[in-house]
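File shown here: query-v4.csv, holding CSV, C-alpha atoms and all ligand atoms.
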```
chain,number,residue,atom,x,y,z
A,202,MET,CA,-14.1,0.0,-26.0
A,203,LEU,CA,-11.3,2.3,-24.8
A,204,ARG,CA,-8.2,1.4,-26.7
A,205,GLY,CA,-4.7,1.5,-25.2
A,206,VAL,CA,-3.1,0.4,-22.0
A,207,TYR,CA,-5.0,-1.3,-19.2
A,208,ILE,CA,-3.5,-1.4,-15.7
A,209,VAL,CA,-5.5,-4.0,-13.7
A,210,ASP,CA,-5.4,-4.7,-10.0
A,211,ALA,CA,-5.5,-8.4,-8.9
A,212,ASP,CA,-6.9,-8.9,-5.4
A,213,ASN,CA,-10.6,-8.3,-5.0
A,214,THR,CA,-10.7,-6.9,-8.6
A,215,MET,CA,-10.1,-10.0,-10.7
A,216,TRP,CA,-10.6,-12.6,-7.9
A,217,ASP,CA,-12.3,-12.8,-4.5
A,218,THR,CA,-9.3,-12.7,-2.2
A,219,ASN,CA,-11.4,-11.4,0.7
A,220,ALA,CA,-13.5,-14.6,0.8
A,221,VAL,CA,-10.4,-16.8,1.2
A,222,PHE,CA,-8.8,-14.5,3.7
A,223,LEU,CA,-12.0,-14.5,5.8
A,224,GLY,CA,-11.9,-18.4,5.8
A,225,ALA,CA,-8.2,-18.3,6.8
A,226,GLN,CA,-9.0,-15.9,9.7
A,227,LEU,CA,-11.7,-18.3,10.9
A,228,LYS,CA,-9.2,-21.1,10.9
A,229,MET,CA,-6.9,-18.9,12.9
A,230,ALA,CA,-9.5,-18.1,15.5
A,231,GLU,CA,-10.5,-21.8,15.7
A,232,SER,CA,-6.8,-22.8,16.2
A,233,MET,CA,-6.5,-20.2,19.0
A,234,ARG,CA,-9.7,-21.5,20.7
A,235,ASP,CA,-8.4,-25.1,20.5
A,236,ARG,CA,-5.3,-23.9,22.4
A,237,GLY,CA,-7.3,-22.4,25.2
A,238,CYS,CA,-8.2,-18.9,24.0
A,239,SER,CA,-11.5,-17.9,25.5
A,240,LEU,CA,-12.9,-15.9,22.6
A,241,GLU,CA,-16.0,-17.1,20.9
A,242,THR,CA,-15.9,-17.0,17.1
A,243,ALA,CA,-17.9,-14.0,16.3
A,244,ALA,CA,-16.1,-11.8,18.8
A,245,ALA,CA,-12.8,-13.2,17.7
A,246,MET,CA,-13.6,-12.3,14.0
A,247,ASP,CA,-14.5,-8.7,14.9
A,248,LEU,CA,-11.3,-8.4,17.0
A,249,LEU,CA,-9.2,-9.9,14.2
A,250,ARG,CA,-10.5,-7.4,11.7
A,251,ALA,CA,-9.7,-4.5,14.0
A,252,LEU,CA,-6.3,-5.8,14.9
A,253,ASP,CA,-5.5,-6.7,11.3
A,254,PHE,CA,-6.1,-3.1,10.2
A,255,ARG,CA,-4.0,-1.6,13.0
A,256,LEU,CA,-1.1,-4.0,12.4
A,257,ALA,CA,-1.1,-3.3,8.7
A,258,VAL,CA,-0.9,0.5,9.5
A,259,ALA,CA,1.8,-0.1,12.2
A,260,LEU,CA,3.9,-2.2,9.8
A,261,ASP,CA,3.0,-0.1,6.7
A,262,ASP,CA,2.4,-3.4,4.9
A,263,PHE,CA,-1.1,-4.8,4.1
A,264,GLU,CA,0.3,-8.4,3.6
A,265,TYR,CA,2.5,-8.8,6.6
A,266,ASP,CA,3.2,-12.2,8.3
A,267,TYR,CA,-0.2,-13.0,9.8
A,268,THR,CA,1.4,-15.0,12.6
A,269,ARG,CA,1.7,-11.4,14.1
A,270,LEU,CA,-2.1,-11.2,13.9
A,271,ALA,CA,-2.5,-14.4,15.9
A,272,LEU,CA,0.0,-13.1,18.4
A,273,ALA,CA,-1.9,-9.8,18.8
A,274,LEU,CA,-5.1,-11.8,19.4
A,275,LEU,CA,-3.4,-14.0,21.9
A,276,LEU,CA,-2.1,-11.0,23.8
A,277,VAL,CA,-5.5,-9.4,23.9
A,278,ASP,CA,-7.0,-12.6,25.1
A,279,ARG,CA,-4.4,-12.6,27.9
A,280,GLY,CA,-5.6,-9.2,29.0
A,281,ARG,CA,-3.2,-6.8,27.3
A,282,PRO,CA,-4.8,-3.5,26.0
A,283,HIS,CA,-5.2,-3.4,22.2
A,284,ASP,CA,-2.5,-0.7,21.8
A,285,GLU,CA,0.1,-2.7,23.7
A,286,ALA,CA,-0.8,-5.9,21.8
A,287,VAL,CA,-0.4,-4.3,18.4
A,288,ARG,CA,2.9,-2.6,19.5
A,289,LEU,CA,4.3,-5.9,20.7
A,290,ALA,CA,3.0,-8.0,17.8
A,291,ALA,CA,4.4,-5.4,15.3
A,292,GLY,CA,7.8,-5.1,17.0
A,293,ALA,CA,11.1,-7.0,17.1
A,294,PRO,CA,12.1,-9.1,18.8
A,295,PRO,CA,8.8,-10.9,19.3
A,296,PRO,CA,7.6,-11.5,22.8
A,297,PRO,CA,7.7,-15.0,24.3
A,298,GLU,CA,4.1,-15.7,23.3
A,299,TRP,CA,5.2,-15.9,19.7
A,300,ASP,CA,5.7,-19.6,19.8
A,301,GLN,CA,2.2,-20.1,21.1
A,302,ALA,CA,0.8,-18.0,18.3
A,303,ARG,CA,2.7,-19.8,15.6
A,304,PRO,CA,0.3,-22.8,15.1
A,305,ALA,CA,-2.6,-20.3,14.5
A,306,GLY,CA,-0.4,-18.6,11.9
A,307,THR,CA,0.3,-21.9,10.3
A,308,ALA,CA,-3.5,-22.7,10.2
A,309,PHE,CA,-4.1,-19.4,8.4
A,310,TYR,CA,-1.5,-20.1,5.7
A,311,ALA,CA,-2.6,-23.7,5.3
A,312,HIS,CA,-6.1,-22.5,4.4
A,313,LEU,CA,-4.7,-20.0,1.9
A,314,GLN,CA,-2.6,-22.7,0.3
A,315,ALA,CA,-5.6,-25.0,0.0
A,316,HIS,CA,-8.1,-22.5,-1.3
A,317,CYS,CA,-7.5,-20.6,-4.5
A,318,PRO,CA,-9.6,-17.4,-4.6
A,319,PRO,CA,-12.4,-17.7,-7.2
A,320,LEU,CA,-12.4,-15.4,-10.2
A,321,PHE,CA,-15.2,-12.9,-10.5
A,322,PHE,CA,-17.7,-13.4,-13.3
A,323,GLY,CA,-16.4,-12.6,-16.8
A,324,VAL,CA,-12.8,-11.9,-16.0
A,325,THR,CA,-11.2,-14.4,-18.4
A,326,GLU,CA,-13.5,-13.5,-21.3
A,327,THR,CA,-12.9,-9.8,-20.8
A,328,LEU,CA,-9.1,-10.1,-20.6
A,329,ALA,CA,-9.1,-12.3,-23.7
A,330,LYS,CA,-11.2,-9.8,-25.6
A,331,LEU,CA,-9.1,-6.8,-24.5
A,332,ARG,CA,-6.0,-8.6,-25.6
A,333,SER,CA,-7.3,-9.8,-28.9
A,334,GLU,CA,-8.4,-6.3,-29.8
A,335,GLY,CA,-4.8,-5.1,-29.5
A,336,ASN,CA,-4.8,-3.5,-26.1
A,337,THR,CA,-1.7,-3.8,-23.8
A,338,LEU,CA,-2.5,-5.4,-20.4
A,339,VAL,CA,-0.4,-4.7,-17.3
A,340,LEU,CA,-1.1,-6.4,-14.0
A,341,HIS,CA,-0.3,-4.2,-11.0
A,342,SER,CA,-0.5,-5.7,-7.5
A,343,GLU,CA,1.1,-5.2,-4.1
A,344,GLY,CA,0.2,-8.6,-2.9
A,345,ARG,CA,2.8,-11.2,-2.1
A,346,GLU,CA,4.6,-12.2,-5.3
A,347,GLN,CA,4.3,-15.9,-4.8
A,348,ARG,CA,0.6,-15.8,-3.9
A,349,ILE,CA,-0.2,-13.6,-6.9
A,350,ALA,CA,1.8,-15.9,-9.3
A,351,GLN,CA,0.1,-19.0,-8.0
A,352,THR,CA,-3.4,-17.5,-8.4
A,353,LEU,CA,-2.6,-16.3,-11.9
A,354,ALA,CA,-1.3,-19.7,-12.8
A,355,ALA,CA,-4.3,-21.5,-11.3
A,356,HIS,CA,-6.7,-19.5,-13.4
A,357,ASN,CA,-4.5,-19.4,-16.6
A,358,LEU,CA,-4.5,-15.6,-16.6
A,359,GLY,CA,-0.7,-15.1,-16.9
A,360,PRO,CA,-0.6,-15.2,-20.7
A,361,PHE,CA,-3.1,-12.3,-21.0
A,362,PHE,CA,-0.7,-9.8,-19.4
A,363,HIS,CA,2.2,-8.1,-21.3
A,364,HIS,CA,3.7,-7.0,-18.0
A,365,ASN,CA,3.4,-7.7,-14.3
A,366,VAL,CA,4.3,-4.9,-11.9
A,367,LEU,CA,4.4,-6.5,-8.5
A,368,GLU,CA,5.5,-3.9,-6.0
A,369,ARG,CA,4.1,-1.5,-3.5
A,370,LYS,CA,1.7,0.9,-5.1
A,371,SER,CA,2.6,4.6,-5.5
A,372,GLN,CA,2.2,7.2,-8.2
A,373,ASP,CA,5.7,6.2,-9.4
A,374,SER,CA,4.8,2.5,-9.6
A,375,PHE,CA,1.7,3.4,-11.6
A,376,ARG,CA,3.8,5.6,-13.9
A,377,ARG,CA,6.2,2.7,-14.4
A,378,ALA,CA,3.4,0.4,-15.2
A,379,ARG,CA,2.0,2.9,-17.7
A,380,GLN,CA,5.4,3.5,-19.4
A,381,ALA,CA,6.0,-0.3,-19.7
A,382,GLY,CA,2.5,-0.7,-21.3
A,383,GLU,CA,2.9,2.3,-23.6
A,384,ALA,CA,6.3,1.0,-24.8
A,385,SER,CA,4.8,-2.4,-25.6
A,386,PHE,CA,1.8,-0.8,-27.3
A,387,ALA,CA,4.0,1.4,-29.4
A,388,GLN,CA,6.2,-1.5,-30.4
A,389,ALA,CA,3.3,-3.6,-31.5
A,390,ARG,CA,1.2,-0.9,-33.2
A,391,GLY,CA,3.7,1.7,-34.3
A,392,ARG,CA,1.9,4.5,-32.5
A,393,SER,CA,1.0,5.8,-29.0
A,394,PRO,CA,-2.1,4.4,-27.3
A,395,ASP,CA,-5.1,6.7,-27.0
A,396,HIS,CA,-6.0,5.7,-23.5
A,397,CYS,CA,-4.6,4.5,-20.2
A,398,VAL,CA,-7.2,2.8,-18.1
A,399,VAL,CA,-6.7,1.9,-14.4
A,400,VAL,CA,-9.1,-0.8,-13.0
A,401,GLY,CA,-9.2,-1.5,-9.2
A,402,ASP,CA,-11.3,-2.1,-6.1
A,403,SER,CA,-9.5,0.3,-3.8
A,404,PRO,CA,-10.2,4.1,-4.0
A,405,LYS,CA,-7.0,4.7,-2.1
A,406,ARG,CA,-4.6,2.2,-3.6
A,407,ASP,CA,-5.9,2.1,-7.2
A,408,ILE,CA,-8.2,5.0,-8.1
A,409,ARG,CA,-6.2,7.7,-6.4
A,410,PHE,CA,-2.9,6.9,-8.2
A,411,GLY,CA,-4.7,6.3,-11.5
A,412,ASN,CA,-6.2,9.8,-11.2
A,413,ILE,CA,-2.8,11.3,-10.3
A,414,ILE,CA,-1.2,9.8,-13.5
A,415,GLY,CA,-4.1,11.1,-15.6
A,416,ALA,CA,-5.5,7.7,-16.5
A,417,THR,CA,-9.2,6.9,-17.0
A,418,THR,CA,-10.1,5.3,-13.7
A,419,VAL,CA,-12.6,2.4,-13.3
A,420,PHE,CA,-13.8,1.4,-9.8
A,421,LYS,CA,-14.8,-2.3,-9.6
A,422,PRO,CA,-16.0,-2.8,-6.1
A,423,GLY,CA,-15.5,-6.3,-4.7
A,424,GLY,CA,-14.2,-8.1,-1.6
A,425,GLY,CA,-14.1,-6.4,1.7
A,426,LEU,CA,-13.8,-2.7,0.9
A,427,GLY,CA,-17.4,-2.4,-0.1
A,428,THR,CA,-19.0,-0.1,-2.7
A,429,GLU,CA,-18.7,3.2,-0.7
A,430,LEU,CA,-16.5,5.9,-2.2
A,431,PRO,CA,-14.9,8.4,0.2
A,432,ASP,CA,-15.9,12.0,-0.3
A,433,ASP,CA,-12.7,13.1,-1.9
A,434,PRO,CA,-12.4,14.2,-5.5
A,435,LEU,CA,-9.0,12.6,-5.8
A,436,LEU,CA,-10.5,9.2,-5.0
A,437,ALA,CA,-13.5,9.6,-7.4
A,438,PRO,CA,-13.3,7.2,-10.4
A,439,ASP,CA,-14.4,8.2,-13.9
A,440,HIS,CA,-16.5,5.0,-14.1
A,441,THR,CA,-17.9,2.5,-11.6
A,442,ILE,CA,-18.7,-1.0,-12.9
A,443,SER,CA,-20.3,-3.9,-11.1
A,444,CYS,CA,-19.2,-6.6,-13.5
A,445,PHE,CA,-15.8,-7.0,-15.2
A,446,THR,CA,-17.4,-7.4,-18.6
A,447,GLU,CA,-18.6,-3.8,-18.5
A,448,LEU,CA,-15.0,-2.8,-19.2
A,449,LEU,CA,-15.6,-3.7,-22.8
A,450,GLY,CA,-18.4,-1.2,-23.2
A,451,LEU,CA,-16.7,1.9,-21.8
A,452,GLY,CA,-16.5,4.8,-24.2
A,453,SER,CA,-14.2,7.8,-24.3
A,454,ARG,CA,-14.5,10.1,-21.4
B,1,MG,MG,-7.3,-4.9,-4.8
```

What would the structure in this file look like if it were written as structure tokens?
Ligand SMILES: [Mg+2]
Amino acid sequence: MLRGVYIVDADNTMWDTNAVFLGAQLKMAESMRDRGCSLETAAAMDLLRALDFRLAVALDDFEYDYTRLALALLLVDRGRPHDEAVRLAAGAPPPPEWDQARPAGTAFYAHLQAHCPPLFFGVTETLAKLRSEGNTLVLHSEGREQRIAQTLAAHNLGPFFHHNVLERKSQDSFRRARQAGEASFAQARGRSPDHCVVVGDSPKRDIRFGNIIGATTVFKPGGGLGTELPDDPLLAPDHTISCFTELLGLGSR
């Protein structure tokens, strides 16, 4: 086991957010169809995925108000080109179609509220073991604070973490997470930690920043991003694991 500070991502690393978001997008598409949208489900889901990514980039926020996504879908269904639909849905003030898109946004959030994302295998046992062996655990997520807090509580994971860093990810946010963890570790053990380990499912949002701050990076593919690693040394992890419990067996690098 690597001993020290563990900085752990939440969505699609500890739990399967992607599965629940896919279900919520299906509900959104169904709601649109019930209100006269002509899209059949498979085409709507492909379109939703494409529009979701473009809206996230346009808003520079990967967890924006998804009523905007319903709005973009509605605008495309009404014959607007994709570029224009994304621009209108991302802009302010919203176009008049906003009120018609709102029920589909509500259907999306109702599904999220009703379905807690399931934990991946071995997460609770692994966190318990890391904690009981004297490591310091820091949760770092850029998901919506309330959703992350609810999911942590539903799975009783909150008590495992010494610190929660819930903010947009950057090299600075990872440095802050590391400093908070190292301070806790030093206070408890009277010495500096040997390792800082960053665990996440996203090469760009977890592994990259972990590498920049000099941590040992662990790629745990899960959810929608798949197992492919981009061909960029900055995004290359030190270790790739398929199961959370493998964290316990990592040696020094
Ligand atoms: Mg993630």

Inset, instruction - Could you please determine the separation between CA of Ala355 in chain A and CA of Cys317 in chain A in Å, to one decimal place? - result: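 According to the coordinates, CA of Ala355 in chain A and CA of Cys317 in chain A are separated by 7.6 Å.
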
Legend entry - Of the listed residues A:Tyr267, A:Tyr207, A:Phe362, A:Phe309, that which approaches Ala225 in chain A most closely, counting only C-alpha atoms: A:Phe309

Inset, instruction - Find the residues near Pro434 in chain A: any atom within 12 Å, counting all atoms listed in the file, skip ones fewer than 2 places away on the same chain, and give them as a list of chain:residue names. - result: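 Answer for this query is A:Pro404, A:Lys405, A:Ile408, A:Arg409, A:Asn412, A:Ile413, A:Leu430, A:Pro431, A:Asp432, A:Leu436, A:Ala437, A:Pro438, A:Asp439.
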
Generate a file of the selected residues that holds C-alpha atoms, formatted as a PDB file, in the coordinates of the input.
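Dumped everything to result-v2.pdb:
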```
ATOM      1  CA  PRO A 404     -10.200   4.100  -4.000  1.00  0.00           C
ATOM      2  CA  LYS A 405      -7.000   4.700  -2.100  1.00  0.00           C
ATOM      3  CA  ILE A 408      -8.200   5.000  -8.100  1.00  0.00           C
ATOM      4  CA  ARG A 409      -6.200   7.700  -6.400  1.00  0.00           C
ATOM      5  CA  ASN A 412      -6.200   9.800 -11.200  1.00  0.00           C
ATOM      6  CA  ILE A 413      -2.800  11.300 -10.300  1.00  0.00           C
ATOM      7  CA  LEU A 430     -16.500   5.900  -2.200  1.00  0.00           C
ATOM      8  CA  PRO A 431     -14.900   8.400   0.200  1.00  0.00           C
ATOM      9  CA  ASP A 432     -15.900  12.000  -0.300  1.00  0.00           C
ATOM     10  CA  LEU A 436     -10.500   9.200  -5.000  1.00  0.00           C
ATOM     11  CA  ALA A 437     -13.500   9.600  -7.400  1.00  0.00           C
ATOM     12  CA  PRO A 438     -13.300   7.200 -10.400  1.00  0.00           C
ATOM     13  CA  ASP A 439     -14.400   8.200 -13.900  1.00  0.00           C
TER      14      ASP A 439
END
```

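Among the candidates A:Val399, A:Ile414, A:Leu252, A:Met202, the one nearest to ligand MG 1 (chain B) when counting all atoms listed in the file is A:Val399.
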
Legend entry - Neighbourhood of ligand MG 1 (chain B) at 7 Å, counting only C-alpha atoms and all ligand atoms, reported as a PyMOL selection string: chain A and resi 210-214+401-403

Inset, instruction - Quick one: residues within 12 Å of (-16.7, -13.9, 14.7) (file frame), counting only C-alpha atoms, please, as a list of chain:residue names. - result: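 The residues near that point, listed by chain and number, are A:Leu223, A:Gly224, A:Gln226, A:Leu227, A:Lys228, A:Met229, A:Ala230, A:Glu231, A:Arg234, A:Leu240, A:Glu241, A:Thr242, A:Ala243, A:Ala244, A:Ala245, A:Met246, A:Asp247, A:Leu248, A:Leu249, A:Arg250, A:Ala251.
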
Using the atoms already present, construct N, CA and C atoms for range 236-267 of chain A and hand them back as a CSV table (one decimal), in the frame of the given file.
```
chain,number,residue,atom,x,y,z
A,236,ARG,N,-6.5,-24.0,21.5
A,236,ARG,CA,-5.3,-23.9,22.4
A,236,ARG,C,-5.7,-23.1,23.6
A,237,GLY,N,-7.0,-23.0,23.9
A,237,GLY,CA,-7.3,-22.4,25.2
A,237,GLY,C,-7.7,-20.9,25.2
A,238,CYS,N,-7.7,-20.3,24.0
A,238,CYS,CA,-8.2,-18.9,24.0
A,238,CYS,C,-9.7,-18.9,24.3
A,239,SER,N,-10.1,-17.9,25.0
A,239,SER,CA,-11.5,-17.9,25.5
A,239,SER,C,-12.5,-17.3,24.6
A,240,LEU,N,-12.0,-16.7,23.5
A,240,LEU,CA,-12.9,-15.9,22.6
A,240,LEU,C,-13.8,-16.8,21.9
A,241,GLU,N,-15.1,-16.4,21.8
A,241,GLU,CA,-16.0,-17.1,20.9
A,241,GLU,C,-15.9,-16.5,19.5
A,242,THR,N,-16.3,-17.3,18.5
A,242,THR,CA,-15.9,-17.0,17.1
A,242,THR,C,-16.3,-15.6,16.6
A,243,ALA,N,-17.5,-15.2,16.8
A,243,ALA,CA,-17.9,-14.0,16.3
A,243,ALA,C,-17.1,-12.8,16.9
A,244,ALA,N,-16.9,-12.8,18.2
A,244,ALA,CA,-16.1,-11.8,18.8
A,244,ALA,C,-14.7,-11.8,18.3
A,245,ALA,N,-14.2,-13.0,18.1
A,245,ALA,CA,-12.8,-13.2,17.7
A,245,ALA,C,-12.6,-12.6,16.3
A,246,MET,N,-13.6,-12.8,15.4
A,246,MET,CA,-13.6,-12.3,14.0
A,246,MET,C,-13.6,-10.8,14.0
A,247,ASP,N,-14.5,-10.2,14.8
A,247,ASP,CA,-14.5,-8.7,14.9
A,247,ASP,C,-13.1,-8.2,15.4
A,248,LEU,N,-12.6,-8.8,16.4
A,248,LEU,CA,-11.3,-8.4,17.0
A,248,LEU,C,-10.2,-8.6,16.0
A,249,LEU,N,-10.2,-9.7,15.2
A,249,LEU,CA,-9.2,-9.9,14.2
A,249,LEU,C,-9.2,-8.8,13.2
A,250,ARG,N,-10.4,-8.5,12.7
A,250,ARG,CA,-10.5,-7.4,11.7
A,250,ARG,C,-9.9,-6.1,12.2
A,251,ALA,N,-10.2,-5.8,13.4
A,251,ALA,CA,-9.7,-4.5,14.0
A,251,ALA,C,-8.2,-4.6,14.2
A,252,LEU,N,-7.7,-5.7,14.7
A,252,LEU,CA,-6.3,-5.8,14.9
A,252,LEU,C,-5.5,-5.9,13.6
A,253,ASP,N,-6.1,-6.5,12.6
A,253,ASP,CA,-5.5,-6.7,11.3
A,253,ASP,C,-5.2,-5.3,10.7
A,254,PHE,N,-6.2,-4.4,10.8
A,254,PHE,CA,-6.1,-3.1,10.2
A,254,PHE,C,-5.0,-2.3,10.9
A,255,ARG,N,-5.0,-2.4,12.3
A,255,ARG,CA,-4.0,-1.6,13.0
A,255,ARG,C,-2.6,-2.1,12.8
A,256,LEU,N,-2.5,-3.5,12.7
A,256,LEU,CA,-1.1,-4.0,12.4
A,256,LEU,C,-0.6,-3.6,11.0
A,257,ALA,N,-1.5,-3.6,10.1
A,257,ALA,CA,-1.1,-3.3,8.7
A,257,ALA,C,-0.6,-1.8,8.7
A,258,VAL,N,-1.3,-1.0,9.4
A,258,VAL,CA,-0.9,0.5,9.5
A,258,VAL,C,0.5,0.6,10.2
A,259,ALA,N,0.6,-0.2,11.4
A,259,ALA,CA,1.8,-0.1,12.2
A,259,ALA,C,3.0,-0.6,11.4
A,260,LEU,N,2.8,-1.6,10.5
A,260,LEU,CA,3.9,-2.2,9.8
A,260,LEU,C,4.0,-1.6,8.4
A,261,ASP,N,3.1,-0.7,8.0
A,261,ASP,CA,3.0,-0.1,6.7
A,261,ASP,C,3.1,-1.2,5.6
A,262,ASP,N,2.3,-2.3,5.8
A,262,ASP,CA,2.4,-3.4,4.9
A,262,ASP,C,1.0,-4.2,5.1
A,263,PHE,N,0.3,-4.2,4.0
A,263,PHE,CA,-1.1,-4.8,4.1
A,263,PHE,C,-1.0,-6.4,3.9
A,264,GLU,N,0.2,-6.9,3.6
A,264,GLU,CA,0.3,-8.4,3.6
A,264,GLU,C,1.5,-8.8,4.4
A,265,TYR,N,1.5,-8.5,5.7
A,265,TYR,CA,2.5,-8.8,6.6
A,265,TYR,C,2.4,-10.3,7.0
A,266,ASP,N,3.3,-10.8,7.8
A,266,ASP,CA,3.2,-12.2,8.3
A,266,ASP,C,2.1,-12.3,9.3
A,267,TYR,N,1.0,-13.0,9.0
A,267,TYR,CA,-0.2,-13.0,9.8
A,267,TYR,C,0.0,-13.8,11.1
```
